[in-house]
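Next comes entry14.pdb, with PDB, C-alpha atoms.
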ATOM      1  CA  MET A 101      43.685  67.016  46.560
ATOM      2  CA  PRO A 102      46.928  68.267  45.114
ATOM      3  CA  GLY A 103      50.078  69.455  46.740
ATOM      4  CA  LEU A 104      49.489  68.431  50.305
ATOM      5  CA  VAL A 105      52.216  68.800  52.814
ATOM      6  CA  ILE A 106      50.798  66.755  55.627
ATOM      7  CA  GLU A 107      47.522  64.906  55.930
ATOM      8  CA  ARG A 108      46.555  62.930  59.034
ATOM      9  CA  GLU A 109      43.339  61.628  60.505
ATOM     10  CA  ILE A 110      41.979  59.923  63.580
ATOM     11  CA  LEU A 111      38.730  58.278  64.663
ATOM     12  CA  ILE A 112      37.303  59.699  67.865
ATOM     13  CA  GLU A 113      34.689  58.017  70.038
ATOM     14  CA  ALA A 114      32.663  61.160  70.606
ATOM     15  CA  PRO A 115      29.925  63.041  68.739
ATOM     16  CA  VAL A 116      30.944  65.655  66.221
ATOM     17  CA  GLU A 117      29.771  68.566  68.426
ATOM     18  CA  VAL A 118      32.094  67.455  71.239
ATOM     19  CA  VAL A 119      35.060  67.205  68.879
ATOM     20  CA  TRP A 120      34.184  70.605  67.447
ATOM     21  CA  ARG A 121      34.291  72.172  70.906
ATOM     22  CA  THR A 122      37.636  70.524  71.590
ATOM     23  CA  ILE A 123      39.238  72.058  68.531
ATOM     24  CA  THR A 124      37.614  75.500  68.782
ATOM     25  CA  GLU A 125      37.402  76.519  72.448
ATOM     26  CA  PRO A 126      40.531  78.387  73.549
ATOM     27  CA  ASP A 127      40.837  76.621  76.911
ATOM     28  CA  GLN A 128      40.678  73.310  75.014
ATOM     29  CA  ILE A 129      43.074  74.410  72.269
ATOM     30  CA  SER A 130      45.675  75.189  74.910
ATOM     31  CA  GLN A 131      45.529  71.545  75.977
ATOM     32  CA  TRP A 132      46.355  70.020  72.616
ATOM     33  CA  PHE A 133      48.106  72.713  70.656
ATOM     34  CA  ALA A 134      49.710  75.854  72.016
ATOM     35  CA  ASP A 135      50.660  76.614  75.606
ATOM     36  CA  ARG A 136      48.687  79.807  75.547
ATOM     37  CA  VAL A 137      45.963  80.682  73.099
ATOM     38  CA  ASP A 138      44.545  84.106  72.516
ATOM     39  CA  LEU A 139      42.001  83.498  69.810
ATOM     40  CA  VAL A 140      38.335  83.924  69.007
ATOM     41  CA  VAL A 141      37.241  81.316  66.509
ATOM     42  CA  GLU A 142      35.475  83.536  63.998
ATOM     43  CA  PRO A 143      36.221  83.987  60.305
ATOM     44  CA  GLY A 144      38.908  86.615  59.846
ATOM     45  CA  ALA A 145      39.776  86.790  63.535
ATOM     46  CA  HIS A 146      43.417  87.507  64.379
ATOM     47  CA  GLY A 147      44.873  85.687  67.334
ATOM     48  CA  TYR A 148      48.109  84.632  68.902
ATOM     49  CA  MET A 149      49.499  81.294  69.993
ATOM     50  CA  GLU A 150      52.379  80.785  72.337
ATOM     51  CA  PHE A 151      54.657  77.759  72.374
ATOM     52  CA  GLY A 152      57.067  77.903  75.280
ATOM     53  CA  ASP A 153      59.143  81.002  74.661
ATOM     54  CA  GLN A 154      58.056  81.209  71.043
ATOM     55  CA  GLY A 155      54.800  82.359  69.576
ATOM     56  CA  GLY A 156      53.148  83.635  66.483
ATOM     57  CA  PRO A 157      50.057  85.123  64.956
ATOM     58  CA  VAL A 158      47.154  83.002  63.754
ATOM     59  CA  VAL A 159      44.361  84.095  61.462
ATOM     60  CA  VAL A 160      41.128  82.143  61.265
ATOM     61  CA  GLU A 161      39.790  81.521  57.765
ATOM     62  CA  VAL A 162      36.822  79.163  57.617
ATOM     63  CA  VAL A 163      34.495  78.423  60.530
ATOM     64  CA  ASP A 164      31.696  76.078  59.542
ATOM     65  CA  PRO A 165      30.432  74.387  62.724
ATOM     66  CA  PRO A 166      30.678  71.559  63.402
ATOM     67  CA  VAL A 167      32.427  70.284  60.297
ATOM     68  CA  ARG A 168      35.137  72.642  59.069
ATOM     69  CA  LEU A 169      37.748  74.921  60.587
ATOM     70  CA  SER A 170      40.788  76.409  58.974
ATOM     71  CA  PHE A 171      43.447  78.899  59.957
ATOM     72  CA  ARG A 172      46.734  80.243  58.726
ATOM     73  CA  TRP A 173      49.909  80.491  60.735
ATOM     74  CA  ASN A 174      53.663  80.626  60.469
ATOM     75  CA  HIS A 175      53.528  83.861  58.510
ATOM     76  CA  PRO A 176      56.009  86.630  59.244
ATOM     77  CA  ARG A 177      55.037  88.830  62.162
ATOM     78  CA  GLY A 178      53.320  92.030  61.093
ATOM     79  CA  GLU A 179      52.293  90.626  57.715
ATOM     80  CA  GLU A 180      48.795  89.634  56.687
ATOM     81  CA  PRO A 181      48.874  85.910  56.025
ATOM     82  CA  GLY A 182      47.965  84.808  52.546
ATOM     83  CA  ALA A 183      48.623  82.060  50.077
ATOM     84  CA  GLY A 184      52.203  83.227  49.602
ATOM     85  CA  ASN A 185      53.597  83.491  53.100
ATOM     86  CA  SER A 186      51.922  81.080  55.500
ATOM     87  CA  MET A 187      50.846  77.557  56.279
ATOM     88  CA  LEU A 188      47.169  76.642  56.039
ATOM     89  CA  VAL A 189      45.739  74.199  58.561
ATOM     90  CA  GLU A 190      42.352  72.693  57.727
ATOM     91  CA  PHE A 191      40.312  70.505  60.032
ATOM     92  CA  THR A 192      37.447  68.441  58.666
ATOM     93  CA  LEU A 193      35.058  66.620  60.989
ATOM     94  CA  THR A 194      32.963  63.790  59.615
ATOM     95  CA  PRO A 195      30.364  62.071  61.803
ATOM     96  CA  GLU A 196      30.719  58.307  61.340
ATOM     97  CA  ASP A 197      27.600  57.806  63.461
ATOM     98  CA  ALA A 198      26.021  59.519  66.491
ATOM     99  CA  GLU A 199      28.924  58.512  68.739
ATOM    100  CA  ARG A 200      31.947  58.605  66.478
ATOM    101  CA  THR A 201      33.732  61.306  64.507
ATOM    102  CA  ARG A 202      36.512  61.132  61.982
ATOM    103  CA  LEU A 203      38.843  64.111  62.320
ATOM    104  CA  ARG A 204      41.165  64.944  59.470
ATOM    105  CA  VAL A 205      43.838  67.606  59.411
ATOM    106  CA  VAL A 206      45.678  68.902  56.386
ATOM    107  CA  GLU A 207      48.557  71.312  56.671
ATOM    108  CA  SER A 208      49.776  72.781  53.428
ATOM    109  CA  GLY A 209      52.580  75.134  52.637
ATOM    110  CA  HIS A 210      52.708  78.407  50.823
ATOM    111  CA  GLU A 211      54.570  77.246  47.739
ATOM    112  CA  LEU A 212      51.885  74.702  47.129
ATOM    113  CA  LEU A 213      49.038  77.158  47.383
ATOM    114  CA  ALA A 214      50.611  79.656  45.072
ATOM    115  CA  TRP A 215      50.426  77.290  42.120
ATOM    116  CA  PRO A 216      48.065  78.055  39.300
ATOM    117  CA  ASP A 217      45.009  75.801  39.384
ATOM    118  CA  ALA A 218      45.884  74.109  36.118
ATOM    119  CA  GLU A 219      49.212  73.057  37.520
ATOM    120  CA  LYS A 220      47.622  71.861  40.755
ATOM    121  CA  GLN A 221      45.236  69.737  38.726
ATOM    122  CA  ARG A 222      47.998  68.283  36.612
ATOM    123  CA  TYR A 223      49.974  67.563  39.715
ATOM    124  CA  ALA A 224      46.968  65.951  41.364
ATOM    125  CA  ASP A 225      46.483  63.698  38.361
ATOM    126  CA  GLU A 226      50.103  62.672  38.322
ATOM    127  CA  HIS A 227      50.695  62.347  42.034
ATOM    128  CA  GLN A 228      47.586  60.875  43.597
ATOM    129  CA  GLY A 229      49.274  60.362  46.915
ATOM    130  CA  GLY A 230      50.649  63.869  47.213
ATOM    131  CA  TRP A 231      53.256  64.748  49.749
ATOM    132  CA  GLY A 232      52.522  61.934  52.121
ATOM    133  CA  GLU A 233      53.458  59.395  49.523
ATOM    134  CA  PHE A 234      56.570  61.276  48.540
ATOM    135  CA  GLY A 235      57.645  61.463  52.156
ATOM    136  CA  ASP A 236      57.009  57.769  52.685
ATOM    137  CA  ARG A 237      58.915  56.913  49.559
ATOM    138  CA  LEU A 238      61.829  59.049  50.577
ATOM    139  CA  ALA A 239      61.853  57.438  53.988
ATOM    140  CA  THR A 240      61.755  53.970  52.427
ATOM    141  CA  LEU A 241      64.563  54.771  50.045
ATOM    142  CA  LEU A 242      66.684  56.209  52.797
ATOM    143  CA  ALA A 243      66.058  53.274  55.067
ATOM    144  CA  LYS A 244      67.442  50.981  52.370
ATOM    145  CA  ARG A 245      70.761  52.775  52.180
TER     146      ARG A 245
ATOM    147  CA  MET B  52      55.952  75.279  66.308
ATOM    148  CA  THR B  53      56.590  73.813  62.921
ATOM    149  CA  PRO B  54      60.044  72.297  62.760
ATOM    150  CA  GLN B  55      62.409  74.453  60.855
ATOM    151  CA  ALA B  56      63.189  72.728  57.642
ATOM    152  CA  ASP B  57      64.757  75.707  56.024
ATOM    153  CA  ASP B  58      62.792  77.606  53.438
ATOM    154  CA  GLU B  59      65.113  76.887  50.554
ATOM    155  CA  LEU B  60      64.745  73.181  51.087
ATOM    156  CA  TRP B  61      60.964  73.335  51.311
ATOM    157  CA  SER B  62      60.528  75.505  48.270
ATOM    158  CA  ALA B  63      62.926  73.347  46.290
ATOM    159  CA  ILE B  64      60.846  70.246  46.965
ATOM    160  CA  ALA B  65      57.422  71.858  46.953
ATOM    161  CA  GLU B  66      57.337  72.777  43.276
ATOM    162  CA  PRO B  67      55.761  69.872  41.367
ATOM    163  CA  SER B  68      57.993  69.945  38.299
ATOM    164  CA  ARG B  69      61.062  69.958  40.499
ATOM    165  CA  ARG B  70      59.645  67.058  42.426
ATOM    166  CA  GLN B  71      59.396  65.168  39.175
ATOM    167  CA  VAL B  72      63.044  65.891  38.402
ATOM    168  CA  LEU B  73      64.020  64.902  41.908
ATOM    169  CA  ASP B  74      61.952  61.704  41.673
ATOM    170  CA  LEU B  75      63.829  60.714  38.523
ATOM    171  CA  LEU B  76      67.171  61.400  40.154
ATOM    172  CA  VAL B  77      66.194  59.394  43.218
ATOM    173  CA  SER B  78      65.164  56.391  41.140
ATOM    174  CA  HIS B  79      67.849  56.510  38.440
ATOM    175  CA  GLY B  80      71.002  57.657  40.153
ATOM    176  CA  GLU B  81      73.433  59.732  38.168
ATOM    177  CA  VAL B  82      71.985  61.206  34.985
ATOM    178  CA  SER B  83      72.384  64.159  32.647
ATOM    179  CA  ALA B  84      70.033  67.080  32.030
ATOM    180  CA  SER B  85      69.235  65.810  28.528
ATOM    181  CA  TRP B  86      68.350  62.390  29.870
ATOM    182  CA  LEU B  87      65.962  64.076  32.325
ATOM    183  CA  ALA B  88      64.486  66.336  29.648
ATOM    184  CA  GLU B  89      63.446  63.287  27.611
ATOM    185  CA  ARG B  90      61.401  61.987  30.526
ATOM    186  CA  VAL B  91      59.502  65.033  31.724
ATOM    187  CA  PRO B  92      56.658  66.961  30.071
ATOM    188  CA  PHE B  93      58.495  70.268  30.125
ATOM    189  CA  SER B  94      61.347  71.877  28.240
ATOM    190  CA  ARG B  95      65.050  71.243  28.517
ATOM    191  CA  GLN B  96      65.371  74.860  29.601
ATOM    192  CA  ALA B  97      62.918  74.287  32.463
ATOM    193  CA  VAL B  98      64.875  71.190  33.498
ATOM    194  CA  SER B  99      68.053  73.264  33.694
ATOM    195  CA  LYS B 100      66.330  75.868  35.856
ATOM    196  CA  HIS B 101      65.006  73.213  38.217
ATOM    197  CA  LEU B 102      68.443  71.641  38.477
ATOM    198  CA  VAL B 103      69.901  75.001  39.483
ATOM    199  CA  VAL B 104      67.342  75.414  42.267
ATOM    200  CA  LEU B 105      67.779  71.848  43.468
ATOM    201  CA  GLU B 106      71.534  72.224  43.493
ATOM    202  CA  ARG B 107      71.318  75.497  45.403
ATOM    203  CA  SER B 108      69.152  73.829  48.054
ATOM    204  CA  GLY B 109      71.804  71.152  48.448
ATOM    205  CA  LEU B 110      69.447  68.351  47.389
ATOM    206  CA  ILE B 111      71.533  67.407  44.364
ATOM    207  CA  SER B 112      75.092  67.805  43.223
ATOM    208  CA  ARG B 113      76.771  67.664  39.846
ATOM    209  CA  ARG B 114      79.948  66.255  38.432
ATOM    210  CA  LYS B 115      81.589  66.559  35.041
ATOM    211  CA  GLN B 116      82.286  63.441  33.094
ATOM    212  CA  GLY B 117      83.926  64.122  29.777
ATOM    213  CA  ARG B 118      81.675  66.559  27.963
ATOM    214  CA  GLU B 119      78.679  65.668  30.059
ATOM    215  CA  VAL B 120      77.473  67.023  33.377
ATOM    216  CA  LEU B 121      75.860  64.401  35.579
ATOM    217  CA  TYR B 122      73.516  65.085  38.464
ATOM    218  CA  GLN B 123      72.799  63.016  41.518
ATOM    219  CA  VAL B 124      70.867  63.336  44.777
ATOM    220  CA  GLU B 125      72.600  64.235  48.009
ATOM    221  CA  ALA B 126      71.433  61.590  50.456
ATOM    222  CA  GLY B 127      72.101  63.605  53.601
ATOM    223  CA  ARG B 128      70.081  66.584  52.510
ATOM    224  CA  LEU B 129      67.275  64.390  51.212
ATOM    225  CA  ASP B 130      67.266  62.590  54.515
ATOM    226  CA  GLN B 131      66.892  65.937  56.268
ATOM    227  CA  ALA B 132      63.886  66.742  54.074
ATOM    228  CA  ALA B 133      62.280  63.365  54.716
ATOM    229  CA  ARG B 134      62.841  63.737  58.444
ATOM    230  CA  ALA B 135      61.334  67.218  58.484
ATOM    231  CA  MET B 136      58.220  65.898  56.764
ATOM    232  CA  ALA B 137      58.018  62.914  59.072
ATOM    233  CA  GLU B 138      58.399  65.204  62.074
ATOM    234  CA  LEU B 139      55.544  67.434  60.891
ATOM    235  CA  ALA B 140      53.342  64.366  60.479
ATOM    236  CA  ALA B 141      54.314  63.047  63.911
ATOM    237  CA  GLN B 142      53.508  66.414  65.449
ATOM    238  CA  TRP B 143      49.993  66.309  64.028
ATOM    239  CA  ASP B 144      49.585  62.718  65.167
ATOM    240  CA  ARG B 145      50.426  63.818  68.696
ATOM    241  CA  ARG B 146      47.957  66.698  68.514
ATOM    242  CA  LEU B 147      45.196  64.511  67.090
ATOM    243  CA  GLY B 148      45.864  61.989  69.847
ATOM    244  CA  LEU B 149      45.396  64.716  72.455
ATOM    245  CA  ILE B 150      42.199  65.953  70.792
ATOM    246  CA  LYS B 151      40.871  62.396  70.818
ATOM    247  CA  ARG B 152      41.589  62.012  74.528
ATOM    248  CA  LEU B 153      40.072  65.370  75.434
ATOM    249  CA  ALA B 154      36.931  64.828  73.355
ATOM    250  CA  GLU B 155      36.392  61.268  74.554
ATOM    251  CA  THR B 156      36.849  62.293  78.180
ATOM    252  CA  ALA B 157      34.434  65.215  77.769
ATOM    253  CA  HIS B 158      31.923  62.938  76.087
ATOM    254  CA  ALA B 159      32.155  60.306  78.807
ATOM    255  CA  GLU B 160      31.637  62.986  81.459
ATOM    256  CA  THR B 161      28.517  64.409  79.834
ATOM    257  CA  ARG B 162      27.040  60.939  79.621
ATOM    258  CA  GLY B 163      27.667  60.573  83.335
ATOM    259  CA  ASP B 164      30.006  57.644  82.760
ATOM    260  CA  ARG B 165      32.960  57.176  85.009
ATOM    261  CA  HIS B 166      36.149  57.650  83.093
ATOM    262  CA  ASP B 167      39.001  56.841  85.380
ATOM    263  CA  GLU B 168      41.627  55.576  82.981
TER     264      GLU B 168
END

Mind turning the file's structure into structure tokens?
Amino acid sequence: MPGLVIEREILIEAPVEVVWRTITEPDQISQWFADRVDLVVEPGAHGYMEFGDQGGPVVVEVVDPPVRLSFRWNHPRGEEPGAGNSMLVEFTLTPEDAERTRLRVVESGHELLAWPDAEKQRYADEHQGGWGEFGDRLATLLAKR
Amino acid sequence: MTPQADDELWSAIAEPSRRQVLDLLVSHGEVSASWLAERVPFSRQAVSKHLVVLERSGLISRRKQGREVLYQVEAGRLDQAARAMAELAAQWDRRLGLIKRLAETAHAETRGDRHDE
């Protein structure tokens, strides 16, 4: 996939349904993400997440239990989030077997999403590793200085 | 929330053609706009535009040498960008680690296992 900001994953020793509940139930979300979560996990739902004395709106995009969840955040207060003004967070859950789930998260920024598809494709072809690789390379270069 | 790498910095790096220009500057040191234009699949004019944006974000600087203008990366600013990206990644690693612990604990409980770690 082209133009990724951040892409991370982890292998969890629990069935996919358990992982799904952990990332979608508000009382669970408040244990791994925000301090306070006011959110119904339904497509199009508007919610709010609080981090200490900060907070911001969240809008749910895709809810496809138990394999896909995405939401937008970090958009200016009072604005509808879209490709041009927010960060998109996408969770993908892949059952490895009955007891294990691979959880992947991709957070991508607005500039990246606003690109025309042709440019995204070209970029994808030229930069297989995307942002992660660029970041690693930068870090390596800087470490050498 | 997301660490505040400022917007100008992010948008400067996020655009793929600019990244290509920046990549070349990182790997080749001090070079001119014409040198860059020979190595990218877009016009000399586009290169100039990208250089303006990169310079405005503080990621590169320029210096005149004779009739030529040479560009080079600003290590400090680049370092800031790399750190911001690394910090975002580390933040997600922490969150994924918490999700793993929560899910595994919940799973162990439903199976009736003791989970006293």

List the residues selected by the PyMOL selection byres ((chain B) within 8 of (chain A)) in the file shown, writing them as a PDB file with C-alpha atoms, keeping the file's coordinate frame.
ATOM      1  CA  MET B  52      55.952  75.279  66.308  1.00  0.00           C
ATOM      2  CA  THR B  53      56.590  73.813  62.921  1.00  0.00           C
ATOM      3  CA  SER B  62      60.528  75.505  48.270  1.00  0.00           C
ATOM      4  CA  ALA B  65      57.422  71.858  46.953  1.00  0.00           C
ATOM      5  CA  GLU B  66      57.337  72.777  43.276  1.00  0.00           C
ATOM      6  CA  PRO B  67      55.761  69.872  41.367  1.00  0.00           C
ATOM      7  CA  ALA B 126      71.433  61.590  50.456  1.00  0.00           C
ATOM      8  CA  LEU B 129      67.275  64.390  51.212  1.00  0.00           C
ATOM      9  CA  ASP B 130      67.266  62.590  54.515  1.00  0.00           C
ATOM     10  CA  ALA B 133      62.280  63.365  54.716  1.00  0.00           C
ATOM     11  CA  ARG B 134      62.841  63.737  58.444  1.00  0.00           C
ATOM     12  CA  MET B 136      58.220  65.898  56.764  1.00  0.00           C
ATOM     13  CA  ALA B 137      58.018  62.914  59.072  1.00  0.00           C
ATOM     14  CA  LEU B 139      55.544  67.434  60.891  1.00  0.00           C
ATOM     15  CA  ALA B 140      53.342  64.366  60.479  1.00  0.00           C
ATOM     16  CA  TRP B 143      49.993  66.309  64.028  1.00  0.00           C
ATOM     17  CA  ASP B 144      49.585  62.718  65.167  1.00  0.00           C
ATOM     18  CA  ARG B 146      47.957  66.698  68.514  1.00  0.00           C
ATOM     19  CA  LEU B 147      45.196  64.511  67.090  1.00  0.00           C
ATOM     20  CA  GLY B 148      45.864  61.989  69.847  1.00  0.00           C
ATOM     21  CA  LEU B 149      45.396  64.716  72.455  1.00  0.00           C
ATOM     22  CA  ILE B 150      42.199  65.953  70.792  1.00  0.00           C
ATOM     23  CA  LYS B 151      40.871  62.396  70.818  1.00  0.00           C
ATOM     24  CA  LEU B 153      40.072  65.370  75.434  1.00  0.00           C
ATOM     25  CA  ALA B 154      36.931  64.828  73.355  1.00  0.00           C
ATOM     26  CA  GLU B 155      36.392  61.268  74.554  1.00  0.00           C
ATOM     27  CA  ALA B 157      34.434  65.215  77.769  1.00  0.00           C
ATOM     28  CA  HIS B 158      31.923  62.938  76.087  1.00  0.00           C
TER      29      HIS B 158
END

Care to translate the PyMOL selection byres ((chain B and resi 108) around 7) into actual residues of this file, as number ranges by chain?
B: 59-60, 63, 104-107, 109-110

Mind giving me the straight-line distance from CA of Ser130 (chain A) to CA of Gly182 (chain A) in Å, one decimal?
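Taking CA of Ser130 (chain A) as the start and CA of Gly182 (chain A) as the end point, the length is 24.5 Å.
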
Result set, the PyMOL selection byres ((chain B and resi 90) around 12) on current file, as number ranges by chain
B: 68, 71-72, 74-76, 79, 82-89, 91-95, 98

Using 3 Å of padding on each side, determine the axis-aligned box around all atoms of region 120-126 of chain B present in the file and give its centre and edge lengths in Å to one decimal, as AutoDock Vina command-line options.
--center_x 74.2 --center_y 64.3 --center_z 41.9 --size_x 12.6 --size_y 11.4 --size_z 23.1

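Our summary of the geometry notes that CA of Val162 (chain A) is positioned 5.6 Å from CA of Pro143 (chain A).
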
Identify which of the residues A:Leu193, A:Val140, A:Val163, A:Val158 lies closest to Arg177 (chain A), counting only C-alpha atoms when measuring atom-to-atom distances.
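Under the stated criterion, the closest residue is A:Val158.
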
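The residue that comes closest to Val124 (chain B), out of B:Thr161, B:Ser99, B:Ser78, B:Thr156 and on the basis of all atoms listed in the file, is B:Ser78.
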
Distance of CA of Pro157 (chain A) from CA of Asp135 (chain A), expressed in Å to one decimal place
13.6 Å

For region 109-125 of chain B, supply N, CA and C atoms and report the output as a short mmCIF file (atom, residue, chain, number, x, y, z; two decimals), in the frame of the given file.
data_model
loop_
_atom_site.label_atom_id
_atom_site.label_comp_id
_atom_site.auth_asym_id
_atom_site.auth_seq_id
_atom_site.Cartn_x
_atom_site.Cartn_y
_atom_site.Cartn_z
N GLY B 109 70.95 72.21 47.93
CA GLY B 109 71.80 71.15 48.45
C GLY B 109 71.24 69.76 48.24
N LEU B 110 70.08 69.66 47.57
CA LEU B 110 69.45 68.35 47.39
C LEU B 110 70.14 67.51 46.33
N ILE B 111 70.80 68.16 45.39
CA ILE B 111 71.53 67.41 44.36
C ILE B 111 72.92 68.03 44.18
N SER B 112 73.78 67.26 43.56
CA SER B 112 75.09 67.81 43.22
C SER B 112 75.42 67.38 41.80
N ARG B 113 76.42 68.00 41.23
CA ARG B 113 76.77 67.66 39.85
C ARG B 113 78.25 67.33 39.75
N ARG B 114 78.56 66.61 38.66
CA ARG B 114 79.95 66.26 38.43
C ARG B 114 80.13 66.18 36.93
N LYS B 115 81.31 66.60 36.49
CA LYS B 115 81.59 66.56 35.04
C LYS B 115 82.20 65.23 34.67
N GLN B 116 81.67 64.66 33.60
CA GLN B 116 82.29 63.44 33.09
C GLN B 116 82.46 63.61 31.59
N GLY B 117 83.68 63.81 31.18
CA GLY B 117 83.93 64.12 29.78
C GLY B 117 83.23 65.41 29.41
N ARG B 118 82.39 65.35 28.37
CA ARG B 118 81.68 66.56 27.96
C ARG B 118 80.33 66.68 28.66
N GLU B 119 80.00 65.68 29.42
CA GLU B 119 78.68 65.67 30.06
C GLU B 119 78.74 66.12 31.52
N VAL B 120 77.62 66.72 31.96
CA VAL B 120 77.47 67.02 33.38
C VAL B 120 76.42 66.07 33.94
N LEU B 121 76.79 65.36 34.99
CA LEU B 121 75.86 64.40 35.58
C LEU B 121 75.38 64.89 36.94
N TYR B 122 74.12 64.65 37.20
CA TYR B 122 73.52 65.08 38.46
C TYR B 122 73.14 63.89 39.32
N GLN B 123 73.26 64.07 40.62
CA GLN B 123 72.80 63.02 41.52
C GLN B 123 72.27 63.60 42.83
N VAL B 124 71.43 62.83 43.53
CA VAL B 124 70.87 63.34 44.78
C VAL B 124 71.90 63.28 45.90
N GLU B 125 71.75 64.21 46.82
CA GLU B 125 72.60 64.24 48.01
C GLU B 125 71.81 63.59 49.14
#
